[in-house]
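Written out below as structure tokens is the structure these notes cover.
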Amino acid sequence: MVTSNALGPLALAARYPRVPRFVLLKMDIQRRGLALTPAALDAVQAPEWDYGRSYVIYGQGSAARKNAPGPLLLRDGTSVMVLAGADYADGYTVDLRDGAFVLLDGDDAIDEVEFTPRPDYYGKRTSRGVPMETVATARPQRLDINPYRHCHFWEGGNQCRYCAYFTDVKATSALADGHVARKVDPEDVYETVREALKEPGRFSQVMLTSGADPSGTQVFDDEVERQIEALQAIGRNFRGRRFASQLIGCAYDKHQLRRLHDETGLATFCPDIEVWDPKLFDWICPGKAKWPGRDGWIQSALDAVEVFGPGNVYTNAVAGVELCKPHGFATEDEALASHFEACEFFAKRGVVYLSLVWIPWRGSQLHGQAQPSLEFYARLVLGLHDIRKAHGLRAHNDDYRHCGNHGDSDLERLD
Ligand code: SF4
């Protein structure tokens, strides 16, 4: 990957003292990537670190031919959602030195780091023989479930241009008999969550997301049906009560949202806008532009506020992708202005707008494009945090404990 690499985390920490060094480091690791030295890779094969052949969302292959560890943890507990071993030209490295994992930038040792401990349910199987780690993957404190592992936007080339989602499903989600599951059986979902919850104090939220499927009597009806089925299966573990959860879904209409709220224990909903600028949205997200269009995605978020309540609806932006060539913004200032306009628009209406660091994955149409500077992300997370705070919004269900993927919600730790 090609990166625009001006100031690093230390220099930016001095320039932006309200953005902690650990948050800057996290975003730079996400932006530039992470590799493991052979010694570190050998070490993470140990039972306490080995995440096995767990299903990986952004599939670029696991590190070398060995098992990959879970999310990286910085010394202050900040989690870094980064896929170790992907295709990074200028990434950070983790080495094993004197029995400790050490983060390196080139030859410079930055800090000691850890990996997320392997959860107790990994290595176990459901009653159908399905490895539980292929049903739900674990972040430090969150379970991630993909009930349907195929995005129909890829058919006809309508996928989002930055997306490499589910491209490795065939390699990583095989059942015990080698069969590849596109749809996860709800009973496997129920049993896996039941088993995961036995680990004391480990998990505090379940997140669901699937590939988009516009089919059905109404657009997305079939997808909503599957989401309800999976959520009801999880809900059996909570005796039908509402449980700490997030569904990252598509632009559902009010009836579909009402069904999700009334027929399941879902707590929060997240239709991702991805790109705010109307022209760039249409260019970068052709599937979303078609089903049902940018206005429909915005309306779905606003309707969801009526159903789930203010502060219980989220939307994510793939921050930085709006600068990609040839149609993207020419300057980082213009891109930032677009994000702040979006955040203000949504915050006024009770929707939490969060940013994700854009990675030009191999397998996406934007592979090889330059990423924005780390300073862009420093200014972005500060601005988004301040706008939401001014509107009394907190990302309570998408914060560092639950998700750990957003530099801007990490800043709420200081509020
Ligand atoms: S909706 Fe877009 S980002 Fe999501 S899986 Fe489909 S192509 Fe990828």
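Labels for the structure tokens follow display order: chains A, B, ..., residues from 1 in each chain, ligands from 1.
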
Which residues of chain A have any atom within 6 Å of an atom in ligand 1 when counting only C-alpha atoms and all ligand atoms, and what is the closest pair of atoms for each, with the distance in Å to one decimal? Order the rows by chain and rising number and write it as JSON lines.
```
{"residue": "A:Cys151", "atom": "CA", "partner": "ligand 1", "partner_atom_place_in_ligand_line": "6 (Fe)", "distance": 4.8}
{"residue": "A:Phe153", "atom": "CA", "partner": "ligand 1", "partner_atom_place_in_ligand_line": "6 (Fe)", "distance": 5.4}
{"residue": "A:Gln159", "atom": "CA", "partner": "ligand 1", "partner_atom_place_in_ligand_line": "7 (S)", "distance": 3.7}
{"residue": "A:Cys160", "atom": "CA", "partner": "ligand 1", "partner_atom_place_in_ligand_line": "2 (Fe)", "distance": 4.2}
{"residue": "A:Cys163", "atom": "CA", "partner": "ligand 1", "partner_atom_place_in_ligand_line": "8 (Fe)", "distance": 4.6}
{"residue": "A:Tyr165", "atom": "CA", "partner": "ligand 1", "partner_atom_place_in_ligand_line": "8 (Fe)", "distance": 5.0}
{"residue": "A:Gly211", "atom": "CA", "partner": "ligand 1", "partner_atom_place_in_ligand_line": "5 (S)", "distance": 4.6}
{"residue": "A:Ala212", "atom": "CA", "partner": "ligand 1", "partner_atom_place_in_ligand_line": "1 (S)", "distance": 5.1}
```

Near segment 375-382 of chain A, counting only C-alpha atoms, which residues have an atom at most 10 Å away, once you skip same-chain residues fewer than 5 positions from it, shown as a PyMOL selection string?
chain A and resi 5-9+11-13+15-16+18-20+23-24+27-28+31+319-320+332-333+335-337+339-340+354-357+387+406-411

Residues as selected, C-alpha atoms, written as an mmCIF file, in the first residue's frame, can you do that?
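Contents of again.cif, freshly written:
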```cif
data_model
loop_
_atom_site.group_PDB
_atom_site.id
_atom_site.type_symbol
_atom_site.label_atom_id
_atom_site.label_comp_id
_atom_site.auth_asym_id
_atom_site.auth_seq_id
_atom_site.Cartn_x
_atom_site.Cartn_y
_atom_site.Cartn_z
ATOM 1 C CA ASN A 5 3.450 9.649 5.767
ATOM 2 C CA ALA A 6 4.156 13.123 7.103
ATOM 3 C CA LEU A 7 4.078 13.517 10.906
ATOM 4 C CA GLY A 8 3.999 10.416 13.086
ATOM 5 C CA PRO A 9 2.142 9.787 16.359
ATOM 6 C CA ALA A 11 4.984 14.667 16.698
ATOM 7 C CA LEU A 12 1.199 14.839 16.372
ATOM 8 C CA ALA A 13 0.712 14.209 20.080
ATOM 9 C CA ARG A 15 0.537 19.303 18.089
ATOM 10 C CA TYR A 16 -2.831 17.851 19.206
ATOM 11 C CA ARG A 18 -6.217 16.383 23.260
ATOM 12 C CA VAL A 19 -5.618 13.269 21.158
ATOM 13 C CA PRO A 20 -3.783 10.748 23.345
ATOM 14 C CA VAL A 23 -5.054 6.800 20.045
ATOM 15 C CA LEU A 24 -2.717 8.331 17.464
ATOM 16 C CA MET A 27 -4.883 4.942 14.075
ATOM 17 C CA ASP A 28 -1.418 4.845 12.544
ATOM 18 C CA ARG A 31 -3.585 2.978 8.603
ATOM 19 C CA ALA A 319 -12.753 8.075 6.486
ATOM 20 C CA GLY A 320 -10.213 8.937 3.845
ATOM 21 C CA GLU A 332 -7.764 16.923 3.258
ATOM 22 C CA ASP A 333 -9.423 20.176 4.379
ATOM 23 C CA ALA A 335 -12.670 16.004 3.139
ATOM 24 C CA LEU A 336 -12.727 17.096 6.775
ATOM 25 C CA ALA A 337 -15.369 19.733 6.062
ATOM 26 C CA HIS A 339 -17.205 14.772 7.556
ATOM 27 C CA PHE A 340 -18.015 17.579 9.966
ATOM 28 C CA LEU A 354 -18.315 7.617 13.648
ATOM 29 C CA SER A 355 -15.185 7.282 11.540
ATOM 30 C CA LEU A 356 -13.166 4.265 10.491
ATOM 31 C CA VAL A 357 -9.673 4.400 9.041
ATOM 32 C CA ILE A 387 -19.556 17.848 17.491
ATOM 33 C CA HIS A 406 -13.008 4.219 16.213
ATOM 34 C CA GLY A 407 -10.419 6.783 17.243
ATOM 35 C CA ASP A 408 -13.169 9.330 17.811
ATOM 36 C CA SER A 409 -15.148 7.280 20.319
ATOM 37 C CA ASP A 410 -11.843 6.452 22.070
ATOM 38 C CA LEU A 411 -11.635 10.151 22.942
#
```

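Taking atom CA of Asp272 of chain A as the reference point, atom CA of Pro186 of chain A is found at 24.6 Å.
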
For Lys288 of chain A, work out the shell of residues within 12 Å, counting only C-alpha atoms and skipping chain neighbours fewer than 2 positions away, then give it as a count of residues only.
41

Could you jot down the atom CA of Phe101 of chain A to atom CA of Glu114 of chain A separation for me, Å, one decimal place?
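Interatomic distance here is 6.3 Å.
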
For Ala196 of chain A, work out the shell of residues within 9 Å, counting only C-alpha atoms and skipping chain neighbours fewer than 6 positions away, then give it as a ChimeraX atom specification.
/A:119-122,143,202-203

So, with only C-alpha atoms as the atoms that count, which of A:Arg239, A:His396, A:Lys26, A:Arg97 lies closest to Val313 of chain A?
A:His396

In Å, how far is it from atom CA of Thr93 of chain A to atom CA of Asp399 of chain A?
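Atom CA of Asp399 of chain A lies at a distance of 26.0 Å from atom CA of Thr93 of chain A.
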
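For the set A:His255, A:Arg182, A:Arg118, A:Lys66, the residue with the smallest atom-to-atom gap to Asn146 of chain A is A:Arg182, counting only C-alpha atoms.
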